[in-house]
>>> print(open('entry-v4.txt').read())   # compact mmCIF, C-alpha atoms and all ligand atoms
# COMPACT_ATOMS: atom_id res chain seq x y z
CA MET U 1 -68.57 -96.70 -3.00
CA GLU U 2 -69.48 -94.17 -5.68
CA TYR U 3 -67.32 -91.45 -4.18
CA PHE U 4 -64.52 -94.00 -3.81
CA GLU U 5 -64.70 -94.66 -7.54
CA SER U 6 -64.94 -91.02 -8.52
CA LEU U 7 -62.07 -89.96 -6.22
CA CYS U 8 -59.90 -92.73 -7.61
CA ARG U 9 -60.72 -91.55 -11.12
CA GLN U 10 -59.99 -87.94 -10.23
CA HIS U 11 -56.56 -88.88 -8.92
CA GLY U 12 -55.80 -91.18 -11.82
CA LEU U 13 -55.71 -94.13 -9.47
CA SER U 14 -56.79 -97.47 -10.86
CA ARG U 15 -59.38 -99.25 -8.79
CA THR U 16 -57.33 -102.28 -7.96
CA VAL U 17 -58.81 -105.23 -6.09
CA GLN U 18 -56.44 -104.38 -3.23
CA ARG U 19 -57.67 -100.82 -2.85
CA ARG U 20 -61.29 -101.80 -3.19
CA THR U 21 -61.06 -104.68 -0.70
CA ILE U 22 -59.22 -102.57 1.87
CA PHE U 23 -61.75 -99.77 1.53
CA GLU U 24 -64.65 -102.23 1.83
CA ALA U 25 -63.10 -103.77 4.94
CA LEU U 26 -63.02 -100.31 6.51
CA LEU U 27 -66.60 -99.56 5.50
CA ASP U 28 -67.74 -102.71 7.30
CA ARG U 29 -66.19 -101.66 10.58
CA GLU U 30 -67.34 -99.13 13.09
CA ASP U 31 -64.40 -99.37 15.45
CA HIS U 32 -61.81 -97.36 13.49
CA PRO U 33 -59.27 -100.14 13.03
CA THR U 34 -55.49 -99.75 13.03
CA ALA U 35 -53.53 -100.67 9.89
CA ASP U 36 -52.54 -103.97 11.54
CA ARG U 37 -56.18 -104.80 12.16
CA VAL U 38 -57.10 -103.94 8.57
CA TYR U 39 -54.32 -106.27 7.46
CA ASP U 40 -55.83 -109.07 9.58
CA LEU U 41 -59.21 -108.40 7.99
CA VAL U 42 -58.05 -108.51 4.38
CA LYS U 43 -55.12 -110.93 4.32
CA HIS U 44 -57.39 -113.88 3.54
CA ARG U 45 -59.24 -111.95 0.87
CA ILE U 46 -56.21 -110.62 -1.02
CA PRO U 47 -53.76 -113.39 -1.87
CA GLY U 48 -50.17 -112.51 -1.03
CA VAL U 49 -50.90 -109.08 0.41
CA SER U 50 -48.29 -107.76 2.85
CA LEU U 51 -48.65 -105.47 5.83
CA THR U 52 -46.50 -102.91 4.02
CA THR U 53 -48.94 -102.92 1.11
CA VAL U 54 -51.87 -102.38 3.46
CA TYR U 55 -50.06 -99.41 5.04
CA ARG U 56 -49.30 -97.99 1.59
CA VAL U 57 -52.85 -98.39 0.31
CA LEU U 58 -54.33 -96.82 3.47
CA ASP U 59 -51.99 -93.85 3.19
CA ARG U 60 -52.88 -93.39 -0.47
CA LEU U 61 -56.61 -93.50 0.35
CA VAL U 62 -56.04 -90.86 3.03
CA GLU U 63 -54.13 -88.71 0.51
CA ILE U 64 -56.95 -88.72 -2.01
CA GLY U 65 -59.55 -88.08 0.70
CA VAL U 66 -61.49 -91.35 0.63
CA ILE U 67 -60.80 -92.10 4.29
CA SER U 68 -59.32 -90.13 7.14
CA LYS U 69 -56.63 -90.79 9.67
CA LEU U 70 -57.28 -90.40 13.37
CA CYS U 71 -54.16 -89.46 15.17
CA HIS U 72 -54.09 -88.28 18.72
CA ALA U 73 -51.25 -87.88 21.17
CA GLY U 74 -50.17 -91.20 22.61
CA GLY U 75 -52.57 -93.22 20.43
CA THR U 76 -52.00 -95.57 17.52
CA VAL U 77 -53.06 -94.30 14.09
CA ARG U 78 -56.62 -95.37 13.26
CA PHE U 79 -58.56 -95.17 10.02
CA ASP U 80 -62.05 -93.83 9.53
CA PRO U 81 -64.18 -94.30 6.42
CA LYS U 82 -66.57 -91.48 7.42
CA MET U 83 -65.48 -88.21 5.92
CA HIS U 84 -68.25 -85.92 7.22
CA GLN U 85 -67.80 -84.11 10.52
CA HIS U 86 -68.42 -86.38 13.49
CA HIS U 87 -66.97 -86.98 16.92
CA HIS U 88 -65.55 -89.94 18.79
CA LEU U 89 -66.02 -91.84 22.01
CA VAL U 90 -62.65 -93.32 22.90
CA CYS U 91 -62.52 -96.26 25.30
CA VAL U 92 -59.43 -95.93 27.51
CA GLN U 93 -59.55 -99.62 28.29
CA CYS U 94 -59.83 -101.45 24.95
CA GLU U 95 -59.04 -98.44 22.71
CA ARG U 96 -62.24 -98.97 20.73
CA ILE U 97 -63.34 -95.74 19.05
CA LEU U 98 -67.07 -95.27 18.52
CA ASP U 99 -68.66 -92.61 16.33
CA LEU U 100 -70.72 -89.85 17.84
CA GLU U 101 -72.96 -87.78 15.59
CA ASP U 102 -73.99 -84.58 17.30
CA GLU U 103 -75.23 -81.44 15.57
CA LYS U 104 -74.66 -79.34 18.68
CA LEU U 105 -70.99 -80.28 18.83
CA ASN U 106 -70.64 -79.54 15.12
CA ALA U 107 -71.99 -76.05 15.77
CA LEU U 108 -69.72 -75.38 18.75
CA THR U 109 -68.30 -71.86 18.90
CA LEU U 110 -64.56 -72.23 18.70
CA PRO U 111 -62.15 -69.84 20.41
CA ASP U 112 -60.59 -67.22 18.16
CA VAL U 113 -57.04 -68.50 17.82
CA ARG U 114 -56.08 -66.19 14.96
CA THR U 115 -54.42 -63.98 17.57
CA GLN U 116 -52.02 -66.89 18.08
CA GLY U 117 -51.43 -66.97 14.36
CA PHE U 118 -53.32 -70.24 14.06
CA GLU U 119 -55.87 -71.09 11.41
CA ILE U 120 -58.38 -73.85 12.23
CA HIS U 121 -59.34 -76.12 9.35
CA GLU U 122 -61.54 -78.63 11.12
CA PHE U 123 -62.18 -80.05 14.53
CA HIS U 124 -63.63 -83.08 16.13
CA ILE U 125 -64.12 -83.92 19.76
CA HIS U 126 -62.74 -87.00 21.49
CA LEU U 127 -64.59 -87.99 24.61
CA ARG U 128 -62.60 -90.49 26.63
CA GLY U 129 -64.18 -93.08 28.89
CA ILE U 130 -65.26 -96.72 29.08
CA CYS U 131 -67.23 -98.39 26.27
CA PRO U 132 -70.39 -100.46 26.88
CA GLU U 133 -68.57 -103.73 26.32
CA CYS U 134 -65.85 -102.95 28.85
CA LEU U 135 -68.46 -101.73 31.32
CA ARG U 136 -70.29 -105.04 30.92
CA LYS U 137 -67.11 -107.05 31.43
CA ARG U 138 -66.25 -104.93 34.41
CA GLY U 139 -69.69 -105.55 35.87
CA ARG U 140 -69.22 -109.29 35.43
CA LYS U 141 -65.87 -109.29 37.19
CA GLY U 142 -67.38 -107.01 39.78
CA ALA U 143 -64.82 -107.35 42.51
CA MET U 144 -61.88 -105.88 40.64
CA SER U 145 -60.42 -103.21 42.91
CA SER U 146 -60.18 -99.69 41.57
CA ALA U 147 -56.42 -99.63 42.23
CA ARG U 148 -55.92 -102.61 39.95
CA GLN U 149 -58.19 -100.99 37.41
CA LYS U 150 -56.04 -97.88 37.39
CA ARG U 151 -52.88 -99.88 36.83
CA ARG U 152 -54.48 -101.63 33.87
CA THR U 153 -55.45 -98.35 32.28
CA ARG U 154 -51.95 -96.98 32.69
CA SER U 155 -50.28 -100.00 31.13
CA ALA U 156 -52.75 -99.89 28.27
CA VAL U 157 -51.67 -96.31 27.58
CA ARG U 158 -48.01 -97.31 27.62
CA ARG U 159 -48.56 -100.12 25.15
CA ARG U 160 -49.73 -97.78 22.43
CA SER U 161 -47.26 -96.70 19.83
CA LYS U 162 -46.84 -93.08 18.88
CA CYS U 163 -48.35 -91.34 15.89
CA PRO U 164 -45.76 -90.68 13.17
ZN ZN U 201 -63.76 -100.70 25.76
ZN ZN U 202 -65.33 -91.91 13.10
>>> encode(input="entry-v4.txt", output="structure tokens")
Amino acid sequence: MEYFESLCRQHGLSRTVQRRTIFEALLDREDHPTADRVYDLVKHRIPGVSLTTVYRVLDRLVEIGVISKLCHAGGTVRFDPKMHQHHHLVCVQCERILDLEDEKLNALTLPDVRTQGFEIHEFHIHLRGICPECLRKRGRKGAMSSARQKRRTRSAVRRRSKCP
């Protein structure tokens, strides 16, 4: 919360109730919510707030570096209140994104892509798979055939909207 306040000050941004509440809602979550989900979380706490406002506030917080935006091909944009380097476990079934802290991954030797004229600024690794909750549900259903499972995964991928 302190760095939130100091970054707002640095960027001449007043600490409105809206901004603070939206940031707090993100801090409470560990699943990297979408803007729509953040809206659901705060709409009862901020009277008269609109989805457009939530989008605008989130984008502004990304701009000033309070939160970061997770954007990967074929996925919806998600927001992350953790600004230090960390990695993600992405569930292909429910699209939950869990944090993974791993010093070894942070220290990974990256390929030299300068020959391709590319300059790397940062990296984080996405490991895709099935989260504990989905594994549990799957275990309960038990008999679901793998063919049906595959179809479900594919349709889940199609449902996602694109990153801007
Ligand atoms: Zn899952
Ligand atoms: Zn994260």
>>> atom_distance(input="entry-v4.txt", atom1="CA of Asp31 (chain U)", atom2="CA of Ile120 (chain U)")
26.4 Å
>>> residues_near_ligand(input="entry-v4.txt", ligand="ligand ZN 201 (chain U)", cutoff="9 Å", atoms="all atoms listed in the file", output="PDB file with C-alpha atoms, keeping the file's coordinate frame")
ATOM      1  CA  VAL U  90     -62.650 -93.320  22.900  1.00  0.00           C
ATOM      2  CA  CYS U  91     -62.520 -96.260  25.300  1.00  0.00           C
ATOM      3  CA  VAL U  92     -59.430 -95.930  27.510  1.00  0.00           C
ATOM      4  CA  GLN U  93     -59.550 -99.620  28.290  1.00  0.00           C
ATOM      5  CA  CYS U  94     -59.830-101.450  24.950  1.00  0.00           C
ATOM      6  CA  GLU U  95     -59.040 -98.440  22.710  1.00  0.00           C
ATOM      7  CA  ARG U  96     -62.240 -98.970  20.730  1.00  0.00           C
ATOM      8  CA  ILE U  97     -63.340 -95.740  19.050  1.00  0.00           C
ATOM      9  CA  GLY U 129     -64.180 -93.080  28.890  1.00  0.00           C
ATOM     10  CA  ILE U 130     -65.260 -96.720  29.080  1.00  0.00           C
ATOM     11  CA  CYS U 131     -67.230 -98.390  26.270  1.00  0.00           C
ATOM     12  CA  PRO U 132     -70.390-100.460  26.880  1.00  0.00           C
ATOM     13  CA  GLU U 133     -68.570-103.730  26.320  1.00  0.00           C
ATOM     14  CA  CYS U 134     -65.850-102.950  28.850  1.00  0.00           C
ATOM     15  CA  LEU U 135     -68.460-101.730  31.320  1.00  0.00           C
TER      16      LEU U 135
END
>>> residues_around(input="entry-v4.txt", residues="region 61-63 of chain U", least_positions_apart="3", cutoff="9 Å", atoms="only C-alpha atoms", output="list in words")
Phe4, Cys8, Arg19, Phe23, Arg56, Val57, Leu58, Val66, Ile67, Ser68, Lys69 and Phe79 of chain U
>>> atom_distance(input="entry-v4.txt", atom1="CA of Leu105 (chain U)", atom2="CA of Val38 (chain U)")
29.3 Å
>>> closest_residue(input="entry-v4.txt", among="U:Arg136, U:Arg45, U:Arg114, U:His126", to="ligand ZN 202 (chain U)", atoms="all atoms listed in the file")
U:His126
>>> closest_atom_pairs(input="entry-v4.txt", of="chain U", to="ligand ZN 202 (chain U)", cutoff="8 Å", atoms="only C-alpha atoms and all ligand atoms", output="tab-separated table")
residue	atom	partner	partner_atom	distance
U:Glu30	CA	U:ZN202	ZN	7.5
U:Asp31	CA	U:ZN202	ZN	7.9
U:His32	CA	U:ZN202	ZN	6.5
U:Asp80	CA	U:ZN202	ZN	5.2
U:Pro81	CA	U:ZN202	ZN	7.2
U:Lys82	CA	U:ZN202	ZN	5.8
U:His86	CA	U:ZN202	ZN	6.3
U:His87	CA	U:ZN202	ZN	6.4
U:His88	CA	U:ZN202	ZN	6.0
U:Ile97	CA	U:ZN202	ZN	7.4
U:Leu98	CA	U:ZN202	ZN	6.6
U:Asp99	CA	U:ZN202	ZN	4.7
U:Leu100	CA	U:ZN202	ZN	7.5
>>> closest_residue(input="entry-v4.txt", among="U:Gly65, U:Lys43, U:Leu27, U:Asp36", to="Gln10 (chain U)", atoms="all atoms listed in the file")
U:Gly65
>>> atom_distance(input="entry-v4.txt", atom1="CA of Ser14 (chain U)", atom2="CA of Glu2 (chain U)")
14.1 Å
>>> closest_residue(input="entry-v4.txt", among="U:His124, U:Thr34, U:Lys104, U:Gly48", to="Val77 (chain U)", atoms="only C-alpha atoms")
U:Thr34
>>> closest_residue(input="entry-v4.txt", among="U:Ala25, U:Ile64, U:Val49, U:Ala35", to="Ser6 (chain U)", atoms="only C-alpha atoms")
U:Ile64
>>> axis_aligned_box(input="entry-v4.txt", around="region 99-111 of chain U", padding_each_side="5 Å", output="lines of an AutoDock Vina configuration file")
center_x = -68.7
center_y = -81.2
center_z = 17.8
size_x = 23.1
size_y = 32.8
size_z = 15.3
>>> closest_residue(input="entry-v4.txt", among="U:Ile125, U:Asp59, U:Ile46, U:Gly139", to="Leu108 (chain U)", atoms="all atoms listed in the file")
U:Ile125
>>> closest_residue(input="entry-v4.txt", among="U:Tyr3, U:Phe123, U:Phe118, U:Tyr39", to="Leu26 (chain U)", atoms="only C-alpha atoms")
U:Tyr39
>>> decode(input="entry-v4.txt", residues="region 41-61 of chain U", atoms="N, CA and C atoms", output="mmCIF file, in the first residue's frame")
data_model
loop_
_atom_site.group_PDB
_atom_site.id
_atom_site.type_symbol
_atom_site.label_atom_id
_atom_site.label_comp_id
_atom_site.auth_asym_id
_atom_site.auth_seq_id
_atom_site.Cartn_x
_atom_site.Cartn_y
_atom_site.Cartn_z
ATOM 1 N N LEU U 41 -16.018 -7.596 -8.256
ATOM 2 C CA LEU U 41 -15.535 -7.525 -6.877
ATOM 3 C C LEU U 41 -15.765 -6.164 -6.234
ATOM 4 N N VAL U 42 -15.716 -5.103 -7.048
ATOM 5 C CA VAL U 42 -15.773 -3.766 -6.446
ATOM 6 C C VAL U 42 -17.108 -3.046 -6.626
ATOM 7 N N LYS U 43 -17.983 -3.580 -7.488
ATOM 8 C CA LYS U 43 -19.185 -2.794 -7.815
ATOM 9 C C LYS U 43 -20.075 -2.530 -6.600
ATOM 10 N N HIS U 44 -20.008 -3.408 -5.594
ATOM 11 C CA HIS U 44 -20.820 -3.154 -4.405
ATOM 12 C C HIS U 44 -20.118 -2.224 -3.424
ATOM 13 N N ARG U 45 -18.816 -2.075 -3.616
ATOM 14 C CA ARG U 45 -18.047 -1.239 -2.699
ATOM 15 C C ARG U 45 -17.924 0.206 -3.189
ATOM 16 N N ILE U 46 -18.027 0.388 -4.529
ATOM 17 C CA ILE U 46 -17.934 1.751 -5.065
ATOM 18 C C ILE U 46 -19.285 2.089 -5.704
ATOM 19 N N PRO U 47 -20.056 2.936 -5.058
ATOM 20 C CA PRO U 47 -21.387 3.238 -5.596
ATOM 21 C C PRO U 47 -21.287 3.844 -6.993
ATOM 22 N N GLY U 48 -22.075 3.318 -7.904
ATOM 23 C CA GLY U 48 -22.178 3.888 -9.246
ATOM 24 C C GLY U 48 -20.990 3.648 -10.160
ATOM 25 N N VAL U 49 -20.074 2.771 -9.784
ATOM 26 C CA VAL U 49 -18.907 2.544 -10.638
ATOM 27 C C VAL U 49 -19.329 1.771 -11.896
ATOM 28 N N SER U 50 -18.709 2.098 -13.023
ATOM 29 C CA SER U 50 -19.045 1.375 -14.257
ATOM 30 C C SER U 50 -17.861 0.495 -14.662
ATOM 31 N N LEU U 51 -18.165 -0.440 -15.538
ATOM 32 C CA LEU U 51 -17.117 -1.335 -16.037
ATOM 33 C C LEU U 51 -16.033 -0.527 -16.755
ATOM 34 N N THR U 52 -16.478 0.483 -17.495
ATOM 35 C CA THR U 52 -15.532 1.345 -18.224
ATOM 36 C C THR U 52 -14.564 2.023 -17.251
ATOM 37 N N THR U 53 -15.090 2.475 -16.125
ATOM 38 C CA THR U 53 -14.237 3.118 -15.117
ATOM 39 C C THR U 53 -13.207 2.133 -14.595
ATOM 40 N N VAL U 54 -13.665 0.892 -14.316
ATOM 41 C CA VAL U 54 -12.741 -0.116 -13.804
ATOM 42 C C VAL U 54 -11.624 -0.361 -14.820
ATOM 43 N N TYR U 55 -11.988 -0.476 -16.098
ATOM 44 C CA TYR U 55 -10.977 -0.663 -17.142
ATOM 45 C C TYR U 55 -9.991 0.502 -17.136
ATOM 46 N N ARG U 56 -10.527 1.725 -17.032
ATOM 47 C CA ARG U 56 -9.682 2.915 -17.091
ATOM 48 C C ARG U 56 -8.725 2.963 -15.900
ATOM 49 N N VAL U 57 -9.263 2.684 -14.715
ATOM 50 C CA VAL U 57 -8.428 2.727 -13.509
ATOM 51 C C VAL U 57 -7.330 1.659 -13.592
ATOM 52 N N LEU U 58 -7.703 0.451 -14.012
ATOM 53 C CA LEU U 58 -6.699 -0.626 -14.122
ATOM 54 C C LEU U 58 -5.594 -0.225 -15.092
ATOM 55 N N ASP U 59 -5.985 0.335 -16.231
ATOM 56 C CA ASP U 59 -4.975 0.747 -17.213
ATOM 57 C C ASP U 59 -4.055 1.824 -16.653
ATOM 58 N N ARG U 60 -4.626 2.743 -15.908
ATOM 59 C CA ARG U 60 -3.834 3.821 -15.308
ATOM 60 C C ARG U 60 -2.852 3.241 -14.279
ATOM 61 N N LEU U 61 -3.321 2.276 -13.485
ATOM 62 C CA LEU U 61 -2.446 1.655 -12.483
ATOM 63 C C LEU U 61 -1.312 0.879 -13.154
#
